[in-house]
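Reading through the structure tokens given below for one structure.
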2 protein chains.
Amino acid sequence: QCFACKSDSSGGSNSGESSKESSRCSTPVLDADRTDRLRDKMRRRIESGDRWFSLEFFPPRTAGGAVNLIARFDRMGSGGPLFIDITWHPAGDPGSDKETSSMMIASTAINYCGLESILHLTCCNQTKEKITAHLNKAKRLGLKNIMALRGDPIGADWEEEEGGFNYATDLVKHIRHEFDDYFDICVAGYPTGHPEAESYEEDLKHLKEKVDAGAHFIVTQLFFRAETFLKFVKDCRAIGITCPILPGIFPIQGYHSLRQLVKLSKLEVPEEIMQVIEPIKDNDDAIRNYGIHHAVEMCKVLLASGDVPGLHIYTLNREVATIEVLRQLGLWAEDPRRPLPWAVSAHPKRKVEDVRPIFWASRPKSYIYRTQDWDDFPNGRWGNSSSPAFGELTDYYLFYLKSKSPKEALLKMWGEELTREESVYEVFTNYITSQVNQSGHKVRCLPWNDDPLAPETNMLKEKLEKVNRRGVLTINSQPNINGKPSSDPIVGWGPPGGYVFQKAYLEFFTSSENVSALLKVLKKYEPRVNYHIVNVQGKNITNAHDMQPNAVTWGIFPGREIIQPTVVDPVSFMYWKDEAFALWIEQWGKLYEEESPSRMIIQYIHDNYFLVNLVDNDFPLNNCLWQVIDDMFELLDAPPEPLE
Amino acid sequence: QCFACKSDSSGGSNSGESSKESSRCSTPVLDADRTDRLRDKMRRRIESGDRWFSLEFFPPRTAGGAVNLIARFDRMGSGGPLFIDITWHPAGDPGSDKETSSMMIASTAINYCGLESILHLTCCNQTKEKITAHLNKAKRLGLKNIMALRGDPIGADWEEEEGGFNYATDLVKHIRHEFDDYFDICVAGYPTGHPEAESYEEDLKHLKEKVDAGAHFIVTQLFFRAETFLKFVKDCRAIGITCPILPGIFPIQGYHSLRQLVKLSKLEVPEEIMQVIEPIKDNDDAIRNYGIHHAVEMCKVLLASGDVPGLHIYTLNREVATIEVLRQLGLWAEDPRRPLPWAVSAHPKRKVEDVRPIFWASRPKSYIYRTQDWDDFPNGRWGNSSSPAFGELTDYYLFYLKSKSPKEALLKMWGEELTREESVYEVFTNYITSQVNQSGHKVRCLPWNDDPLAPETNMLKEKLEKVNRRGVLTINSQPNINGKPSSDPIVGWGPPGGYVFQKAYLEFFTSSENVSALLKVLKKYEPRVNYHIVNVQGKNITNAHDMQPNAVTWGIFPGREIIQPTVVDPVSFMYWKDEAFALWIEQWGKLYEEESPSRMIIQYIHDNYFLVNLVDNDFPLNNCLWQVIDDMFELLDAPPEPLE
């Protein structure tokens with residue numbers, strides 16, 4: 001279904017805004033690639049002989065499906081696709097603001113998952129005005145790439161429409177006319193000719209017209225034999241098509257999906273494939289294994305030809321077969337080099353962003369959402385009074401900020417019933433230790449962490465367990481690092497040949513009794529430890545007296561300025577604490593009936609506990625933050641001093 | 001003479017520009033003090049009980065005297081004065097652009113020596129328009145503080161002028177009226193009453209009027225007994241003067257200067273002092289020692305009183321007595337903590353500057369001069385095409401960029417006659433080793449380094465000697481540092497509790513033969529070593545392909561963002577190389593007759609040698625740059641490879 005939409009079509013008119021990049025100061029760009037357009041990235045990769053892959057997805061049908069697809073984007077994004085593309089479903093309100101629309105899924109991929117994305121757009125049976133409105137919206141959302149397609153005419157017998165878009169060429173011309181060079185444009189190629197074309201040769205001519213109209217590269221319809229594609233490329237080059245041509249690879253994943261696809265795209269499955277598949281048609285695993293094997297063998301031939309700079313995979317929104325094919329080809333990034341400790345947004349405006357507060361480390365999508373209206377990164381700083389405020393917290397339960405787990409699963413993890421504050425301590429402890437709780441369930445997430453512990457945090461597991469058991473409810477932490485190679489599999493990030501550093505960080509909720517003791521203890525650790533302690537009522541205790549941000553992660557690289565991607569910033573902490581406290585109620589408390597004892601326990605913690613952050617500035621020494629907490633417990637355990 | 005000008009005076013009118021601070025981005029300010037106004041710095045120091053000192057100078061008579069005075073500013077600035085002040089000499093064209101004018105000396109102190117400075121201004125016998133023009137010029141040059149004085153009337157019998165400035169009060173009012181709050185204003189106090197005042201009480205009233213008119217603090221005329229000053233402060237407080245009152249301290253430095261001063265200022269020297277001085281009046285050393293002793297004892301009483309937040313020293317433009325007094329009082333900063341590896345300019349516009357190219361490390365005044373027209377620091381970056389260009393090189397021989405040594409001294413150091421290129425190598429080698437040359441003279445400076453080797457460079461002495469002997473003519477270098485405390489006496493900088501880092505850096509001139517070998521060798525050191533190699537004709541070889549700056553000095557501090565004060569920047573290097581090559585001719589070649597062999601040797605080097613910079617990016621390992629040079633020599637020494 002997802003390629004059936006790759007047909008041809010015709011032109012229109014509208015007025016485009018000029019592209020205004022945010023003006024930035026001196027902060028260096030780590031990855032030169034980041035500011036490139038997709039066409040430039042391709043050119044660089046072709047020049048360096050560095051092969052890539054890309055992934056095609058279709059929009060989900062339900063909101064639940066959208067949450068799952070976005071989680072899949074995060075997982076598959078880690079393999080290092082050059083781009084992903086989202087198909088356009090004319091019947092499914094594809095340009096709307098629905099969670100499931102093509103437009104919103106592509107926008108989410110760019111803005112929240114940091115993936116370079118192409119939005120498909122079909123022009124058949126659409127007015128020029130509507131098309132222009134879609135393109136303007138795409139631009140506004142940060143999309144820079146369009147796959148220009150005709151789409152399938154409604155009804156069996158299609159006729160050209162006077163003055164309408166009848167071919168993809170018309171759409172390409174329209175985009176270039178109305179938006180000049182703003183969009184990178186991709187068009188579809190048909191290795192065996194478009195089913196409706198008069199001939200293969202005639203279809204090649206149409207393809208050349210599309211490219212000449214302003215397309216930057218071609219992605220092909222699927223095919224089953226490497227030679228089909230290689231001949232096609234040769235024929236394209238022969239008539240003067242010089243842009244990149246990417247083969248569309250379809251790993252066969254099941255008998256029925258293959259049949260359906262073949263019917264829609266009017267392709268014929270070669271005899272040698274049918275002979276293998278027919279006998280095993282009821283064995284899904286066997287078919288999938290064959291599909292992987294077939295795709296890998298075909299791709300090896302393609303890559304060996306020297307004519308194929310990258311592979312475009314039709315994923316059918318599934319992971320296993322695609323990842324396996326790419327692994328076997330050595331294209332899947334087994335050890336993805338993080339450009340920064342957090343995923344960089346692919347929105348053109350945010351590409352220059354290179355510093356964030358550490359508080360949102362486990363909720364990056366919330367941070368992006370709440371700062372989406374900022375004009376300037378990183379200049380629009382938290383501490384800068386002229387910068388716009390954080391987005392309203394009321395939006396934070398938006399669907400892509402929702403927990404991935406349903407209510408029932410959360411109750412099993414966090415307790416069907418809480419009897420006292422210590423019940424909560426136990427939940428935190430079980431999350432840290434990955435032990436099952438009393439009712440036999442693992443605690444795989446907390447309101448502040450929708451995923452299991454990061455490998456880096458695992459390094460602190462033992463210490464974390466001990467303090468959570470006693471009511472120091474940790475929600476964020478990092479160990480100190482004194483110059484590990486940037487290639488370190490756990491804490492490394494950025495280009496090779498560099499060194500990364502961290503100051504130890506610890507953030508937790510704890511009772512006001514504990515805070516009283518902690519404040520006494522902290523006097524001994526001045527000025528080594530910076531602290532910031534707040535409660536929901538706005539009580540605010542800190543020794544960051546001049547309210548400057550404290551760099552807690554930084555990296556030194558060959559031929560680069562220093563990069564400091566995460567900071568502890570006292571100003572933005574005040575926004576974060578609103579979110580952190582609200583999560584108690586919104587994600588946890590509301591699982592229980594109003595007025596129920598469980599709900600009241602969560603409400604009590606929300607109303608009375610403090611949120612604390614601690615930074616150990618002396619990063620070359622052993623982290624002293626555990627000693628600080630130990631000292632606090634010791635003070636609490638000491639017998640009261642006798643009155644003189 | 002320098003205090004005779006502290007008399008009283010009267011008001012006028014003009015239009016002030018509004019103060020526009022440069023807009024800056026995220027780069028942190030290391031020293032909160034830096035952006036404060038002088039009045040705020042005083043307030044902070046008073047609140048913290050941290051006593052300060054300040055130094056008064058008068059403008060020199062000759063350009064040679066100006067060069068010496070500026071060198072003295074650099075030396076005395078290292079002791080940590082809160083501010084210096086420059087007296088105003090109505091007879092000496094004090095507001096002109098002459099090298100010796102009060103205006104230019106104060107401007108140099110601020111802009112080139114980084115000293116917070118107060119410019120004196122007298123109003124007697126001056127038109128309002130003239131005064132306003134002086135103030136506008138002072139503001140334009142970056143001066144933020146004015147000492148408002150009446151000045152001495154011309155002729156013996158002074159009469160009030162209708163509508164003119166007759167009292168300092170008038171000048172204070174005028175400054176506040178025309179420039180609002182832009183200037184910090186200081187006025188003079190007379191502990192024994194102004195000689196022309198009707199009475200001590202009357203004079204106190206005048207002082208209160210000056211303060212009420214808008215002055216921020218008071219500096220007093222000199223006095224000889226602590227009780228004189230302490231009574232004066234008490235009397236000031238009694239009539240409601242609440243601003244800081246700083247005692248003017250005059251260490252007696254000679255019999256004749258004391259006599260002259262006393263005559264001019266109409267003070268009486270107490271009997272107990274005359275009794276000591278008269279018998280030793282022909283022994284300068286004895287008088288100076290007594291003067292130091294007397295000043296120290298008096299200051300101890302003042303400081304112990306609790307009424308004295310800082311001492312203002314009348315230096316008479318001399319160093320020894322002042323430094324000795326301050327040392328004995330424990331006020332002289334023995335181990336000045338550098339806020340950054342280079343002296344921060346005190347110009348309001350440049351206070352936010354926190355990164356510079358390393359190339360001008362030994363010529364900071366040249367860098368400041370050549371970037372003086374920039375609007376924005378550090379945003380107006382070298383690599384930023386929108387930033388203004390470097391100032392023209394033709395200005396570089398300005399008087400304060402001149403060598404401190406006269407031509408004869410330079411010829412003795414650098415050779416009355418050069419016979420071959422190796423003569424030049426020897427000069428470089430002798431500079432490094434501090435050995436005397438063949439004619440028995442130490443080489444104390446080079447055209448690129450007007451001072452002896454920095455202690456930090458001394459760490460590299462042995463290596464440097466070896467390579468200079470063979471024609472690798474080093475002009476700039478730093479060792480790698482992997483996290484030394486910011487309090488380190490040699491490489492430390494910035495606030496306490498931090499850690500500083502460096503990448504090893506080496507910059508030198510060398511022959512094209514050497515460069516050919518070096519380029520072969522450097523292939524082995526990719527990507528560890530960044531290089532940039534240029535000649536005077538503009539040949540330009542570098543592996544910094546994306547032309548980004550490379551941070552080579554950085555610091556990590558408690559509760560702060562990362563600071564990276566020096567970088568190797570490929571764009572600004574192209575400006576620096578023009579300056580570096582020009583220095584061969586301007587400072588060295590021109591010492592010899594045109595067409596002379598010596599001159600032709602320098603010209604040959606200028607025309608044919610390359611300027612090379614190398615950075616070892618792997619700062620935690622042993623510096624590999626010496627190995628690079630060794631490898632180059634080895635390649636040069638190897639017998640030519642036999643042809644197959």
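Following the order of the structure tokens, chains are lettered A, B, ..., residues in each are numbered from 1, and ligands are numbered from 1.
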
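Applying a distance limit of 6 Å to only C-alpha atoms, the residues of chain B near chain A read Cys25, Asn379, Pro549, Asn550, Ala551, Pro558, Gly559, Arg560, Glu561 and Asn617 of chain B.
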
Near Met298 in chain B, counting only C-alpha atoms, which residues have an atom at most 7 Å away, once you skip same-chain residues fewer than 3 positions from it, shown as an mmCIF file with all heavy atoms, in the first residue's frame?
```
data_model
loop_
_atom_site.group_PDB
_atom_site.id
_atom_site.type_symbol
_atom_site.label_atom_id
_atom_site.label_comp_id
_atom_site.auth_asym_id
_atom_site.auth_seq_id
_atom_site.Cartn_x
_atom_site.Cartn_y
_atom_site.Cartn_z
ATOM 1 N N ARG B 225 49.581 62.586 59.388
ATOM 2 C CA ARG B 225 49.252 61.865 60.621
ATOM 3 C C ARG B 225 47.924 61.144 60.441
ATOM 4 O O ARG B 225 46.952 61.738 59.944
ATOM 5 C CB ARG B 225 49.119 62.837 61.793
ATOM 6 C CG ARG B 225 50.422 63.447 62.215
ATOM 7 C CD ARG B 225 50.147 64.547 63.222
ATOM 8 N NE ARG B 225 51.384 65.114 63.742
ATOM 9 C CZ ARG B 225 51.497 66.368 64.150
ATOM 10 N NH1 ARG B 225 50.445 67.179 64.103
ATOM 11 N NH2 ARG B 225 52.649 66.800 64.630
ATOM 12 N N ALA B 226 47.860 59.897 60.887
ATOM 13 C CA ALA B 226 46.637 59.103 60.749
ATOM 14 C C ALA B 226 45.460 59.800 61.398
ATOM 15 O O ALA B 226 44.350 59.827 60.849
ATOM 16 C CB ALA B 226 46.840 57.716 61.369
ATOM 17 N N HIS B 294 57.427 55.383 57.526
ATOM 18 C CA HIS B 294 56.400 56.299 58.014
ATOM 19 C C HIS B 294 55.030 55.987 57.396
ATOM 20 O O HIS B 294 54.009 55.936 58.085
ATOM 21 C CB HIS B 294 56.797 57.746 57.703
ATOM 22 C CG HIS B 294 55.705 58.728 57.986
ATOM 23 N ND1 HIS B 294 54.898 59.228 56.993
ATOM 24 C CD2 HIS B 294 55.249 59.253 59.150
ATOM 25 C CE1 HIS B 294 53.995 60.035 57.526
ATOM 26 N NE2 HIS B 294 54.193 60.080 58.847
ATOM 27 N N ALA B 295 55.028 55.748 56.054
ATOM 28 C CA ALA B 295 53.755 55.477 55.375
ATOM 29 C C ALA B 295 53.143 54.177 55.892
ATOM 30 O O ALA B 295 51.937 54.091 56.138
ATOM 31 C CB ALA B 295 53.972 55.402 53.856
ATOM 32 N N VAL B 301 47.682 52.111 61.143
ATOM 33 C CA VAL B 301 46.712 52.748 62.049
ATOM 34 C C VAL B 301 45.391 52.984 61.310
ATOM 35 O O VAL B 301 44.310 52.701 61.821
ATOM 36 C CB VAL B 301 47.268 54.081 62.592
ATOM 37 C CG1 VAL B 301 46.213 54.782 63.457
ATOM 38 C CG2 VAL B 301 48.547 53.839 63.395
ATOM 39 N N LEU B 302 45.514 53.484 60.072
ATOM 40 C CA LEU B 302 44.298 53.773 59.290
ATOM 41 C C LEU B 302 43.476 52.507 59.075
ATOM 42 O O LEU B 302 42.261 52.484 59.305
ATOM 43 C CB LEU B 302 44.681 54.371 57.930
ATOM 44 C CG LEU B 302 45.285 55.790 57.950
ATOM 45 C CD1 LEU B 302 45.776 56.167 56.557
ATOM 46 C CD2 LEU B 302 44.247 56.795 58.449
#
```

Give me, as a PDB file with all heavy atoms, in the first residue's frame, all polymer residues having an atom no more than 12 Å from Pro489 in chain A, counting only C-alpha atoms and skipping those fewer than 4 positions away in the same chain.
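Listing of result.pdb after writing:
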```pdb
ATOM      1  N   GLU A 334      26.214  -0.172  14.542  1.00  0.00           N
ATOM      2  CA  GLU A 334      26.143  -0.981  15.765  1.00  0.00           C
ATOM      3  C   GLU A 334      26.465  -0.127  16.981  1.00  0.00           C
ATOM      4  O   GLU A 334      25.956  -0.332  18.058  1.00  0.00           O
ATOM      5  CB  GLU A 334      27.128  -2.153  15.689  1.00  0.00           C
ATOM      6  CG  GLU A 334      26.785  -3.208  14.650  1.00  0.00           C
ATOM      7  CD  GLU A 334      25.447  -3.902  14.904  1.00  0.00           C
ATOM      8  OE1 GLU A 334      24.942  -3.838  16.037  1.00  0.00           O
ATOM      9  OE2 GLU A 334      24.903  -4.484  13.948  1.00  0.00           O
ATOM     10  N   ASP A 335      27.356   0.813  16.774  1.00  0.00           N
ATOM     11  CA  ASP A 335      27.787   1.646  17.893  1.00  0.00           C
ATOM     12  C   ASP A 335      27.588   3.089  17.477  1.00  0.00           C
ATOM     13  O   ASP A 335      28.519   3.768  17.086  1.00  0.00           O
ATOM     14  CB  ASP A 335      29.269   1.359  18.170  1.00  0.00           C
ATOM     15  CG  ASP A 335      29.838   2.314  19.195  1.00  0.00           C
ATOM     16  OD1 ASP A 335      29.061   2.826  20.027  1.00  0.00           O
ATOM     17  OD2 ASP A 335      31.059   2.548  19.148  1.00  0.00           O
ATOM     18  N   PRO A 336      26.322   3.526  17.527  1.00  0.00           N
ATOM     19  CA  PRO A 336      26.056   4.868  16.994  1.00  0.00           C
ATOM     20  C   PRO A 336      26.842   5.908  17.771  1.00  0.00           C
ATOM     21  O   PRO A 336      26.816   5.925  18.999  1.00  0.00           O
ATOM     22  CB  PRO A 336      24.552   5.042  17.192  1.00  0.00           C
ATOM     23  CG  PRO A 336      24.172   4.074  18.253  1.00  0.00           C
ATOM     24  CD  PRO A 336      25.151   2.943  18.183  1.00  0.00           C
ATOM     25  N   ARG A 337      27.566   6.728  17.071  1.00  0.00           N
ATOM     26  CA  ARG A 337      28.285   7.830  17.715  1.00  0.00           C
ATOM     27  C   ARG A 337      27.279   8.949  17.931  1.00  0.00           C
ATOM     28  O   ARG A 337      26.769   9.535  16.981  1.00  0.00           O
ATOM     29  CB  ARG A 337      29.426   8.273  16.806  1.00  0.00           C
ATOM     30  CG  ARG A 337      30.212   9.469  17.277  1.00  0.00           C
ATOM     31  CD  ARG A 337      31.455   9.117  18.104  1.00  0.00           C
ATOM     32  NE  ARG A 337      31.169   8.184  19.180  1.00  0.00           N
ATOM     33  CZ  ARG A 337      31.455   6.911  19.175  1.00  0.00           C
ATOM     34  NH1 ARG A 337      32.041   6.369  18.153  1.00  0.00           N
ATOM     35  NH2 ARG A 337      31.149   6.145  20.202  1.00  0.00           N
ATOM     36  N   ARG A 338      26.982   9.208  19.201  1.00  0.00           N
ATOM     37  CA  ARG A 338      26.078  10.314  19.484  1.00  0.00           C
ATOM     38  C   ARG A 338      26.782  11.625  19.143  1.00  0.00           C
ATOM     39  O   ARG A 338      27.893  11.849  19.615  1.00  0.00           O
ATOM     40  CB  ARG A 338      25.715  10.338  20.969  1.00  0.00           C
ATOM     41  CG  ARG A 338      24.895   9.156  21.424  1.00  0.00           C
ATOM     42  CD  ARG A 338      24.520   9.313  22.885  1.00  0.00           C
ATOM     43  NE  ARG A 338      25.672   9.193  23.768  1.00  0.00           N
ATOM     44  CZ  ARG A 338      25.657   9.515  25.061  1.00  0.00           C
ATOM     45  NH1 ARG A 338      24.563  10.010  25.597  1.00  0.00           N
ATOM     46  NH2 ARG A 338      26.719   9.347  25.808  1.00  0.00           N
ATOM     47  N   PRO A 455      22.694   2.907  30.548  1.00  0.00           N
ATOM     48  CA  PRO A 455      23.897   2.154  30.927  1.00  0.00           C
ATOM     49  C   PRO A 455      24.805   2.984  31.827  1.00  0.00           C
ATOM     50  O   PRO A 455      25.421   2.466  32.758  1.00  0.00           O
ATOM     51  CB  PRO A 455      24.602   1.884  29.590  1.00  0.00           C
ATOM     52  CG  PRO A 455      23.646   2.219  28.515  1.00  0.00           C
ATOM     53  CD  PRO A 455      22.545   3.039  29.096  1.00  0.00           C
ATOM     54  N   GLU A 456      24.856   4.289  31.555  1.00  0.00           N
ATOM     55  CA  GLU A 456      25.703   5.159  32.353  1.00  0.00           C
ATOM     56  C   GLU A 456      25.238   5.190  33.803  1.00  0.00           C
ATOM     57  O   GLU A 456      26.036   5.163  34.731  1.00  0.00           O
ATOM     58  CB  GLU A 456      25.658   6.570  31.757  1.00  0.00           C
ATOM     59  CG  GLU A 456      26.643   7.508  32.370  1.00  0.00           C
ATOM     60  CD  GLU A 456      26.351   8.944  31.963  1.00  0.00           C
ATOM     61  OE1 GLU A 456      25.172   9.329  31.878  1.00  0.00           O
ATOM     62  OE2 GLU A 456      27.309   9.664  31.736  1.00  0.00           O
ATOM     63  N   LYS A 484      37.446  10.681  29.312  1.00  0.00           N
ATOM     64  CA  LYS A 484      37.401   9.392  28.613  1.00  0.00           C
ATOM     65  C   LYS A 484      37.361   9.654  27.110  1.00  0.00           C
ATOM     66  O   LYS A 484      36.851  10.685  26.669  1.00  0.00           O
ATOM     67  CB  LYS A 484      36.146   8.620  29.030  1.00  0.00           C
ATOM     68  CG  LYS A 484      36.255   8.056  30.435  1.00  0.00           C
ATOM     69  CD  LYS A 484      35.847   6.589  30.473  1.00  0.00           C
ATOM     70  CE  LYS A 484      35.999   6.050  31.883  1.00  0.00           C
ATOM     71  NZ  LYS A 484      35.269   4.820  32.093  1.00  0.00           N
ATOM     72  N   PRO A 485      37.881   8.701  26.310  1.00  0.00           N
ATOM     73  CA  PRO A 485      37.847   8.901  24.857  1.00  0.00           C
ATOM     74  C   PRO A 485      36.420   9.104  24.363  1.00  0.00           C
ATOM     75  O   PRO A 485      35.487   8.509  24.895  1.00  0.00           O
ATOM     76  CB  PRO A 485      38.407   7.587  24.310  1.00  0.00           C
ATOM     77  CG  PRO A 485      39.170   6.976  25.435  1.00  0.00           C
ATOM     78  CD  PRO A 485      38.525   7.445  26.705  1.00  0.00           C
ATOM     79  N   TRP A 493      30.695  10.479  23.158  1.00  0.00           N
ATOM     80  CA  TRP A 493      29.846  11.170  22.179  1.00  0.00           C
ATOM     81  C   TRP A 493      30.757  12.065  21.359  1.00  0.00           C
ATOM     82  O   TRP A 493      31.898  12.310  21.717  1.00  0.00           O
ATOM     83  CB  TRP A 493      28.746  11.983  22.860  1.00  0.00           C
ATOM     84  CG  TRP A 493      29.223  12.909  23.918  1.00  0.00           C
ATOM     85  CD1 TRP A 493      29.405  12.625  25.243  1.00  0.00           C
ATOM     86  CD2 TRP A 493      29.635  14.275  23.746  1.00  0.00           C
ATOM     87  NE1 TRP A 493      29.895  13.716  25.907  1.00  0.00           N
ATOM     88  CE2 TRP A 493      30.043  14.748  25.019  1.00  0.00           C
ATOM     89  CE3 TRP A 493      29.692  15.144  22.663  1.00  0.00           C
ATOM     90  CZ2 TRP A 493      30.514  16.054  25.224  1.00  0.00           C
ATOM     91  CZ3 TRP A 493      30.151  16.441  22.870  1.00  0.00           C
ATOM     92  CH2 TRP A 493      30.552  16.882  24.150  1.00  0.00           C
ATOM     93  N   GLY A 494      30.228  12.549  20.232  1.00  0.00           N
ATOM     94  CA  GLY A 494      31.004  13.454  19.381  1.00  0.00           C
ATOM     95  C   GLY A 494      31.970  12.714  18.474  1.00  0.00           C
ATOM     96  O   GLY A 494      32.054  11.491  18.509  1.00  0.00           O
ATOM     97  N   PRO A 496      35.401  11.231  16.565  1.00  0.00           N
ATOM     98  CA  PRO A 496      36.505  10.453  17.152  1.00  0.00           C
ATOM     99  C   PRO A 496      37.708  11.336  17.496  1.00  0.00           C
ATOM    100  O   PRO A 496      37.821  12.462  17.009  1.00  0.00           O
ATOM    101  CB  PRO A 496      36.858   9.460  16.047  1.00  0.00           C
ATOM    102  CG  PRO A 496      36.326  10.045  14.786  1.00  0.00           C
ATOM    103  CD  PRO A 496      35.155  10.894  15.159  1.00  0.00           C
ATOM    104  N   VAL A 500      35.859  13.242  26.542  1.00  0.00           N
ATOM    105  CA  VAL A 500      34.656  13.766  27.186  1.00  0.00           C
ATOM    106  C   VAL A 500      34.815  13.797  28.699  1.00  0.00           C
ATOM    107  O   VAL A 500      35.549  12.994  29.276  1.00  0.00           O
ATOM    108  CB  VAL A 500      33.391  12.963  26.783  1.00  0.00           C
ATOM    109  CG1 VAL A 500      33.178  13.028  25.279  1.00  0.00           C
ATOM    110  CG2 VAL A 500      33.489  11.514  27.249  1.00  0.00           C
TER     111      VAL A 500
END
```

Which residues are near Cys124 in chain A? Cut-off 6 Å, only C-alpha atoms, ignore same chain within fewer than 2 positions. Put them as a PyMOL selection string. chain A and resi 9+122+126+150-151+165

Test item: residues at most 7 Å from Arg51 in chain A, only C-alpha atoms, excluding those fewer than 6 positions along its chain, as a list in words: Arg45, Pro309 and Gly310 of chain A

Dump as a PDB file, in the first residue's frame, selection limited to N, CA, C and O atoms:
```pdb
ATOM      1  N   ARG A  45      28.482  12.045   0.948  1.00  0.00           N
ATOM      2  CA  ARG A  45      28.602  10.604   1.148  1.00  0.00           C
ATOM      3  C   ARG A  45      29.033   9.921  -0.150  1.00  0.00           C
ATOM      4  O   ARG A  45      29.802   8.959  -0.131  1.00  0.00           O
ATOM      5  N   PRO A 309      24.786   4.347  -4.320  1.00  0.00           N
ATOM      6  CA  PRO A 309      25.366   5.036  -3.164  1.00  0.00           C
ATOM      7  C   PRO A 309      24.622   4.745  -1.866  1.00  0.00           C
ATOM      8  O   PRO A 309      25.178   4.906  -0.787  1.00  0.00           O
ATOM      9  N   GLY A 310      23.338   4.328  -1.960  1.00  0.00           N
ATOM     10  CA  GLY A 310      22.567   4.089  -0.744  1.00  0.00           C
ATOM     11  C   GLY A 310      21.362   3.223  -1.044  1.00  0.00           C
ATOM     12  O   GLY A 310      20.948   3.112  -2.201  1.00  0.00           O
TER      13      GLY A 310
END
```

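Take CA of Thr371 in chain B and CA of Glu392 in chain B: the distance between them is 9.6 Å.
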
So that I can see what lies close to Ala213 in chain A, please list as an NGL selection string the residues with an atom at most 7 Å from it, counting only C-alpha atoms and leaving out residues fewer than 4 positions away in the same chain. :A and (169 or 172-173 or 209)

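Taking only C-alpha atoms into account, Glu593 in chain A lies nearest to A:Glu416 out of the set A:Glu416, A:Asp607, A:Glu507, A:Glu513.
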
Would you return as JSON, numbers by chain the members of range 225-397 of chain A that DSSP assigns to helix (DSSP H, G or I) on this structure's backbone? {"A": [226, 227, 228, 229, 230, 231, 232, 233, 234, 235, 236, 237, 238, 255, 256, 257, 258, 259, 260, 261, 262, 263, 264, 265, 271, 272, 273, 274, 275, 276, 277, 278, 279, 280, 284, 285, 286, 287, 288, 289, 290, 291, 292, 293, 294, 295, 296, 297, 298, 299, 300, 301, 302, 303, 304, 320, 321, 322, 323, 324, 325, 326, 327, 328, 348, 349, 350, 358, 359, 360, 364, 365, 366, 367, 368, 369, 370, 393, 394, 395]}

Counting only C-alpha atoms, what is within 12 Å of Lys130 in chain B, bar same-chain residues fewer than 5 positions away, as JSON, numbers by chain? {"B": [12, 13, 14, 94, 95, 96, 121, 122, 123, 124, 125, 135, 136, 137, 164, 165]}

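Each of A:Thr228, A:Ala138, A:Val534, A:Ile218 was compared to Asp97 in chain A using only C-alpha atoms, and A:Ala138 turns out to be the nearest.
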
Which one of B:Asp212, B:Asp451, B:Asp152, B:Glu319 sits closest to Arg75 in chain B if you count only C-alpha atoms? B:Glu319

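In this structure, CA of Phe377 in chain A sits 15.3 Å away from CA of Gly391 in chain A.
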
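You will find CA of Ile323 in chain A at 18.5 Å from CA of Ser257 in chain A.
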